[in-house]
Each structure stands twice: as structure tokens, then as C-alpha cells.
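To start, the structure itself, in C-alpha cells.
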Protein chains: 2
Amino acid sequence: MTLAAINNANQDDYPTRLPQERWLERKDPTVWRQWSPEAPLTRAEMQAFDKNGFLILENVFSEAEIAALQGESAGLRSGGADLAPEDVITEPDSDEVRTVFRLDEQSALFARLARDRRVAGRVSFLLDDDVYLHQSRLNYKPGFTGKEFYWHSDFETWHAEDGMPRMRAISASILLTDNGPLNGPLMLIPGSHRTFVACAGETPEDNHKTSLKRQEIGVPSHESLTRMAEKFGIDYAAGRAGTVILFDCNTLHGSNGNITPFPRSNAFFVYNAWSNRLGAPFAAKAPRPAFLSSRDPQAPLAIESGELG
Amino acid sequence: MTLAAINNANQDDYPTRLPQERWLERKDPTVWRQWSPEAPLTRAEMQAFDKNGFLILENVFSEAEIAALQGESAGLRSGGADLAPEDVITEPDSDEVRTVFRLDEQSALFARLARDRRVAGRVSFLLDDDVYLHQSRLNYKPGFTGKEFYWHSDFETWHAEDGMPRMRAISASILLTDNGPLNGPLMLIPGSHRTFVACAGETPEDNHKTSLKRQEIGVPSHESLTRMAEKFGIDYAAGRAGTVILFDCNTLHGSNGNITPFPRSNAFFVYNAWSNRLGAPFAAKAPRPAFLSSRDPQAPLAIESGELG
């Protein structure tokens, strides 16, 4: 039986794009494995991830590793690499590069980063499974004109439009610039990952073509966001370049625009559990293209140890 | 001799709207009076204002006073008052009220606030002169859709378009909501008030009609802002409702957009020294309308002591 057939045959635990928004309880664990002394995270770190739906890890990489990643990033954005147009998203009001997709295919160094034990190894432990890259990209929010990215749960889109069955995926953002509260950092609602906000509205065809710039379908209502923010507050992920932010696929997040002169950039990897590979979309006619959701992974990531480069 | 004639007869110390941007040294003091034990500010507060170009004062008002101001503000924004259309500015993308001008004429309570010794008295001391209101307004940045306000020096516009002769004016922002780093707080570049960035570009006719929503003329270049921010850093003015922020007329400031559910609101009073009343604009054909720049004050503010209300 194919995965698509399995999806269609089973009850959908996370129905969305409905006539009316509603809140559903999460049906999956956040942390899939018990802590043990051999774990690549402390017990407190695993508890924090379970409770908040995200975790900030500092001092993961050496200065030399960070400098190498920054140099590689500058090369990719300045035309030093041969990028397909569909892999590049620009700012709504200018030609500045906002996103480079399929980052692991554009650069050997970033491909190696994606397989690094300090990132992928920890994610694989939390998910208690082998992992593969569902999506990978380089994000760049320029100074002065960086636009906001509205609140959303990634899982809502991945489930509805990509056919991801369970909440068993974790995103890793590796900061390539210093991030403070004022230059459009990632904002997260701690604890929001325990509720699935089933969104109102049918999925338009080719929704991803506009939703990458400004998402309008598959986002919670103002009322839901207000309730969530009043209940849990809003945190932000700041830190020096090299900081790693892990967050659960269902944690509500977004970012404000940035008029400061200080740009914000990160390498972004979405790790999905091997057992959680995609089927048919749950609430869209056709799946999104491969640069947004890898549909045919050949093998789990081979995790590597040691220094980058 | 009229003020306009004086302006035109004298050398302009702050020429702007030029073919090329340039940096000029400030020709006026920031603090015009020596500290003494009778001063309404501590010596450290006055030194901080002199050095940074702004000062944050907490616990100025009682809980009851703050609640009264918040209630009055809600009334003004919800149509409880009879406001002239030219006194109201809405968000670019919606009908939500962003600004109510001539605040002191719309509300006896806000008029009393503007004359309060704890605000106007301190400003008058710093400027060593009587003061009057150059501008007064209620600012409201809604949650979810609050737009950014780009970097600028107020004095650059007041000098060029309103004919304010010297840097002898101070703005007071009285927070009506709790403000954190994430809901679009006022950002300031400490120390920037000591440099006048003479801006490039001629003033278009009726510039204020668009500049209130999105300022494009009379703002420093990306290069200037980058140099300033790298030299001085960027601070932000956070605090609980009731916090008072005083800032010099030439301090570079701006604010990011706000996608959080938490709105931001403040009462905003610009106090100009009585001796610094307006003349003819220095770099515009006609002065801006009275709701933006009071051109004919009848008398200095009569400062009042005691509780509001």
C-alpha cells in the first residue's frame, strides 16, 4: 500500500482548511524518546523543548566554522553560484534575495552542515527516528526593508499541502548573523505546539506562489493568535551568529519587519522523521513542488561528526 | 522684524534638502540649563539626556491617572469624540486609526496632561525657556498590522518644512500600553542628536500628505544610518503604560512594524521653546498645516501641578 493510500484510508487527525477555524489537541508526542545519560541534550534541554516547543543552543560551532558558513552564504546570495530561478525568492518591493531553496544541493558545505551530528543528531534523537530533509533553505532578511513574516504553524501547511501525516518533524535555524530583538528575530509562542489550529478557508491552486511572500491561507485568526499570546506570551530567539534554534513543526512563529541597518540571515533545515514521509496532500489538490517539500528521499541522512569544512 | 524675516536674513545653520547629503555638527546645546539641586531631574538624568538625546522616566503617574488616560484614548479612537477628518490618519492597508492630531484640543484630560509639571515642567527646565505645543497627537499602532515608521530626525522636517529655527524642542511620549521590544517600540540611536544629517532631495509640494504614512524625503540615506548605528548602536524605549520618554528634536528614531497581537499606543507632545517659534520654512515653498505645526501660539503653556483629572 502506498503512503498516499494509507493517508486516505485513515482518519485524518489534523483536518484543516475548513469552513470554520477550530482548536484541536495535538495527537503526537513532541519528544519521542526518553532522556538517558547518552542523550545529545541535557535532561533540562529536552524538558524545555517538550514544554515550549523550541530550544536555543549557543556555542555549538567554532568561530572558524561560523566564518566559513557566512562566507559560503555571501557567495550564494551574490551570484557566485548558479541558482535556478525557482530556487530564489526576492523581497516584495525590491530585488534583494530573501530565500535560496534546496540549500543542501547548492553547497557542499551547507549539505555537510545539514548532516552534522550537533544538529541532525540531536533532532534524530528527539524524534527517535532516522531523518531526512523535508526542506532546506538560506533565509536573508535585509536591513532597512526586511518584511514581516506572519504567524503560522509549519505543520498546518505541510499537512494540508504536502501530505505530512504526523507531527514528527523539527526545524533547525542556524543563525548566520547576530540577532537581537530589533532586527526581525524569529518570534515563537511557547506552548502553542500542543494545539493544532485547524484553519478556515479552502486552499487556492498554486497557493505557495503567493504564500511564500505573504501568507493568507493556512494562518490562525487574530482571535486565535490573541488567545494564544495572552495565554503563553511571545518569546524571541536572539543570539550571536552560530546559535542553533530547534523548533517543533507545530510551534506558532513569525517575525516582524526590520528597518534597522542590521540584516538577519540563517540556514534553515526541516528534518522529518523517516517514518513520517509524505503522502497525498490532506487539503490541497496537488502537492507543492520539490523545492518546498522533498517527496522522494532516497535514504535517511548519514549523520557526520567532527568539524565542518 | 518678523520671525520669517529674521530666518531669511540670518545664515541657515542647518541647510537641508540639498543636492547631496552631508553631516553637520549640531550648533545648539541639548540641555540649556545647568543642573541645580532644585532641578526636576537628577544630575544623572540630565547627563544621560545630554549624552544620549533621550531619557526614559518610569513611575511618573499613578495607576488611576494611567487608567483615566487609557479610557480617554479609547473614547477618541472609537468615535466617542467629534474629530475632523484632517485630524485622523489611518493605516495604509486598513481603516484602523493610526494617529489623532491636535490631541490637546480634542480632550480636556490630554490638554491637562500636556501642561503637567512632571512632563512640561521637566522639558521647560531642560530647554531653559517657556514652552508651547508645536504638535500634539495620539499614536496607535494596532496589533497584527501595525506598519513601520522609518528613521528620521524630527528637527530636519520641522526646520525644512515648518521653519523651526534652532534645535530647542523636546518630544514627550507617554506610553498608554505596555511596550516591549517586539510590538514596534520607539527605537532611537543614542548620540545621533549631535549630528545634523542634511538630507538630499528637494521638498515636493504637499509632502506631508504622503510623508505621514511613509516618509521618503527628509530621511537619511542607508549609508548614513548604517554609520550611525554602527557607531552608536540602537536602543529602544520599552516600559509599562505610564512610562514617559523624552527625546531631543534631532535624535534619529523610528519603529518597526508589529505583527504581535499587542497594540502600541502613546500620547505624543512636541514642546518647542517659546524663543524658538516658527518662521518661514527653510526648505519648502509653504509651511505645513496647523495640525502638524502650530504657527501662532497665543501664550506659553501654563504648567500645572498635582494629580491629573
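Naming scheme: A, B, ... for chains in displayed order of the C-alpha cells; residues 1 onward per chain; ligands 1 onward as shown.
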
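Every chain B residue lying within 8 Å of chain A, based on only C-alpha atoms, is listed here: Phe144, Glu148, Tyr150, Trp151, Pro181, Leu182, His222, Leu225, Thr226, Ala229, Ser255, Asn256, Gly257, Asn258, Ile259 and Pro261 of chain B.
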
Could you write those residues out with C-alpha atoms, as a PDB file, in the first residue's frame?
ATOM      1  CA  PHE B 144      -1.071  42.287  13.658  1.00  0.00           C
ATOM      2  CA  GLU B 148       6.847  50.532  10.430  1.00  0.00           C
ATOM      3  CA  TYR B 150      11.110  54.850   9.068  1.00  0.00           C
ATOM      4  CA  TRP B 151      14.163  56.523  10.617  1.00  0.00           C
ATOM      5  CA  PRO B 181      10.905  45.016  22.197  1.00  0.00           C
ATOM      6  CA  LEU B 182       8.564  43.059  19.904  1.00  0.00           C
ATOM      7  CA  HIS B 222      21.096  53.850   4.200  1.00  0.00           C
ATOM      8  CA  LEU B 225      22.044  55.232   9.077  1.00  0.00           C
ATOM      9  CA  THR B 226      24.472  52.327   8.889  1.00  0.00           C
ATOM     10  CA  ALA B 229      24.018  52.583  14.023  1.00  0.00           C
ATOM     11  CA  SER B 255       9.896  51.925  14.738  1.00  0.00           C
ATOM     12  CA  ASN B 256       9.419  48.502  13.225  1.00  0.00           C
ATOM     13  CA  GLY B 257       6.071  47.078  12.208  1.00  0.00           C
ATOM     14  CA  ASN B 258       4.136  44.949  14.675  1.00  0.00           C
ATOM     15  CA  ILE B 259       2.636  41.541  13.879  1.00  0.00           C
ATOM     16  CA  PRO B 261      -1.453  40.868  18.868  1.00  0.00           C
TER      17      PRO B 261
END

Exercise for review: Considering only C-alpha atoms, return as an MDAnalysis selection string whatever protein or nucleic-acid residues lie within 12 Å of Ser78 (chain A), sequence-local ones (same chain, fewer than 3 positions apart) excluded.
Suggested key: chainID A and resid 71:75 81:83 88 95:98 100 140

How would the residues just chosen look if you wrote them out with C-alpha atoms as a compact mmCIF listing (two decimals), in the first residue's frame?
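Result saved to part-v2.txt:
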# COMPACT_ATOMS: atom_id res chain seq x y z
CA GLY A 71 31.39 33.23 3.51
CA GLU A 72 29.51 30.45 1.73
CA SER A 73 26.22 32.29 2.30
CA ALA A 74 27.58 35.56 0.87
CA GLY A 75 28.72 33.68 -2.23
CA ALA A 81 26.64 30.11 -7.56
CA ASP A 82 24.47 29.00 -10.43
CA LEU A 83 20.97 29.07 -8.93
CA VAL A 88 15.32 32.09 -5.33
CA ASP A 95 15.33 42.51 -5.96
CA GLU A 96 17.17 41.62 -2.77
CA VAL A 97 17.41 37.89 -2.21
CA ARG A 98 15.16 36.74 0.60
CA VAL A 100 17.53 30.39 -1.52
CA TYR A 140 18.16 36.53 4.34

Exercise for review: Might you pull out every residue within 12 Å of region 28-36 of chain B, with only C-alpha atoms counted and same-chain residues fewer than 2 positions away left off, and present them as JSON, numbers by chain?
Suggested key: {"B": [13, 14, 24, 25, 26, 38, 39, 40, 41, 42, 43, 44, 45, 46, 47, 48, 49, 50, 51, 52, 53, 54, 122, 123, 124, 125, 126, 127, 128, 129, 165, 166, 167, 168, 169, 170, 191, 192, 193, 194, 195, 196, 247, 248, 249, 250, 251, 273, 276]}

**Study point:** Two-atom distance - CA of Leu301 (chain B), CA of Tyr132 (chain B) (Å)
**Key:**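 Between CA of Leu301 (chain B) and CA of Tyr132 (chain B) the gap works out to 5.3 Å.
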
Check your understanding: CA of Gly242 (chain A) and CA of Phe61 (chain A), how far apart in Å?
Key ->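 These two atoms are separated by 6.0 Å.
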
Review point. By how many Å are CA of Leu69 (chain B) and CA of Tyr271 (chain B) apart?
Key: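 Taking CA of Leu69 (chain B) as the start and CA of Tyr271 (chain B) as the end point, the length is 19.5 Å.
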
Check your understanding: Running DSSP on the backbone, which parts of region 81-275 of chain B land in strand (DSSP E), as an MDAnalysis selection string?
Key -> chainID B and resid 88:90 97:101 131:141 149:152 169:175 186:188 195:198 235:237 244:248 253:255 264:273

Exercise for review: Give me the residues within 10 Å of Ala120 (chain B) as a PyMOL selection string, counting only C-alpha atoms and dropping any in the same chain fewer than 6 places off.
Suggested key: chain B and resi 113-114+126+130-133+170-172+269-271+301-304
